[in-house]
Amino acid sequence: MRYGTPFLVADALRRSTRRPLGLLLWSLAVAAVLVSGTALFFIPIVPGAAGTTAVGYLVVQLSHSLSEAAIARLGSELWTWSGVEAVTFRFPGESDPVPIAQRSLLVRLHAPEVRSAVESRLRALTEVVGVQYYQRLSERARIPPASRVGALVALVATLSLAVWLGHRVTTQVATAWGRELALLRSCGASPVMLRAPFLVLGALIGAAGGGLYVAIMWGLWTWGRSLPYLRDVVPSFPHVWGGQVVWGALIGAGLGVVGSLIAALGPSTHS
């Protein structure tokens with residue numbers, strides 16, 4: 001019986017395409033969950049007032065032997081350091097917010113007071129050939145204090161919507177596939193075989209939502225470089241896009257499976 005599983009999965013997926021709107025909304029909801037989670041991660045905890053706060057920058061000049069993958073890993077590591085607010089890649093010739101002479105990482109500090117601690121750690125790294133400090137008034141638009149609350153509410157709302165849509169679409173597919181399910185149960189098919197088509201459907205829809213999420217992030221990188229706050233967050237996208245593609249697909253597929261699993265474990269697919 002297990003050799004017929006691919007056929008069962010393909011037949012169930014074919015039936016599911018008869019309701020493309022539900023599948024599209026489900027994948028969009030998964031993408032919205034990922035976007036909301038990313039926004040919650042990037043929004044600063046303590047937003048400063050525009051033009052009134054001194055912002056410290058460390059321009060970290062990199063060794064010419066470093067690959068782009070190594071630079072991306074280094075940037076991700078620096079972002080976890082205490083006192084570091086953001087890390088972005090800068091090309092030679094750029095002048096925002098300071099002139100750049102060679103391949104560098106721009107490290108924005110939480111406050112000028114943490115400069116010495118962060119700078120000493122940077123100078124100890126073998127990948128770093130030089131560190132320069134700059135200070136200027138913030139030009140970022142003020143991020144409303146309620147932004148993180150709004151992002152959290154959006155995350156919870158989109159997560160609930162994604163799970164509900166997954167349950168609804170999976171239930172509709174199970175209803176359309178009712179005769180086949182009844183026949184398989186009468187032939188002694190295992191519960192795993194009966195649920196497999198719905199779990200595969202959820203994984204595919206979730207992965208599609210992850211792809212939409214990556215497309216949205218790419219659009220933000222293309223459009224947001226002219227905005228004061230976004231240009232300090234999303235310009236690093238080309239150097240970490242591989243990780244975002246992988247994590248977007250994995251988390252998206254996981255969200256899709258959760259939605260379909262809830263329906264597959266319910267009475268609608270067993271009765």
# chains A, B, ... in the order shown; residues from 1 in each chain; ligands from 1

call {"tool": "residues_around", "arguments": {"residues": "Arg168 of chain A", "least_positions_apart": "5", "cutoff": "10 Å", "atoms": "only C-alpha atoms", "output": "list in words"}}
result
Gly22, Trp26, Ala162, Val163, Val173, Ala174, Gly259, Ser260, Ile262 and Ala263 of chain A

call {"tool": "residues_around", "arguments": {"residues": "Gly210 of chain A", "least_positions_apart": "4", "cutoff": "8 Å", "atoms": "only C-alpha atoms", "output": "PyMOL selection string"}}
result
chain A and resi 30-31+34+206+214+245+248-253

call {"tool": "write_last_selection", "arguments": {"atoms": "N, CA and C atoms", "output": "tab-separated table (two decimals), in the first residue's frame"}}
result
chain	number	residue	atom	x	y	z
A	30	VAL	N	1.01	33.17	5.22
A	30	VAL	CA	2.31	32.68	5.69
A	30	VAL	C	3.39	33.73	5.46
A	31	ALA	N	3.38	34.37	4.27
A	31	ALA	CA	4.34	35.43	3.99
A	31	ALA	C	4.16	36.59	4.97
A	34	LEU	N	5.89	35.87	8.26
A	34	LEU	CA	7.33	36.04	8.18
A	34	LEU	C	7.72	37.52	8.14
A	206	GLY	N	3.27	26.52	2.36
A	206	GLY	CA	4.15	27.27	3.25
A	206	GLY	C	5.44	27.68	2.58
A	214	VAL	N	10.56	36.29	0.65
A	214	VAL	CA	11.86	36.68	0.10
A	214	VAL	C	11.68	37.76	-0.97
A	245	VAL	N	16.49	32.93	2.24
A	245	VAL	CA	15.75	32.00	1.39
A	245	VAL	C	15.54	30.68	2.13
A	248	GLY	N	13.28	31.29	5.25
A	248	GLY	CA	11.92	31.59	4.80
A	248	GLY	C	11.20	30.35	4.33
A	249	ALA	N	11.91	29.50	3.55
A	249	ALA	CA	11.29	28.27	3.06
A	249	ALA	C	11.00	27.30	4.20
A	250	LEU	N	11.96	27.15	5.12
A	250	LEU	CA	11.78	26.19	6.22
A	250	LEU	C	10.67	26.62	7.17
A	251	ILE	N	10.72	27.88	7.61
A	251	ILE	CA	9.70	28.36	8.54
A	251	ILE	C	8.34	28.40	7.85
A	252	GLY	N	8.32	28.86	6.58
A	252	GLY	CA	7.07	28.87	5.85
A	252	GLY	C	6.47	27.48	5.71
A	253	ALA	N	7.32	26.51	5.34
A	253	ALA	CA	6.83	25.13	5.21
A	253	ALA	C	6.33	24.61	6.55
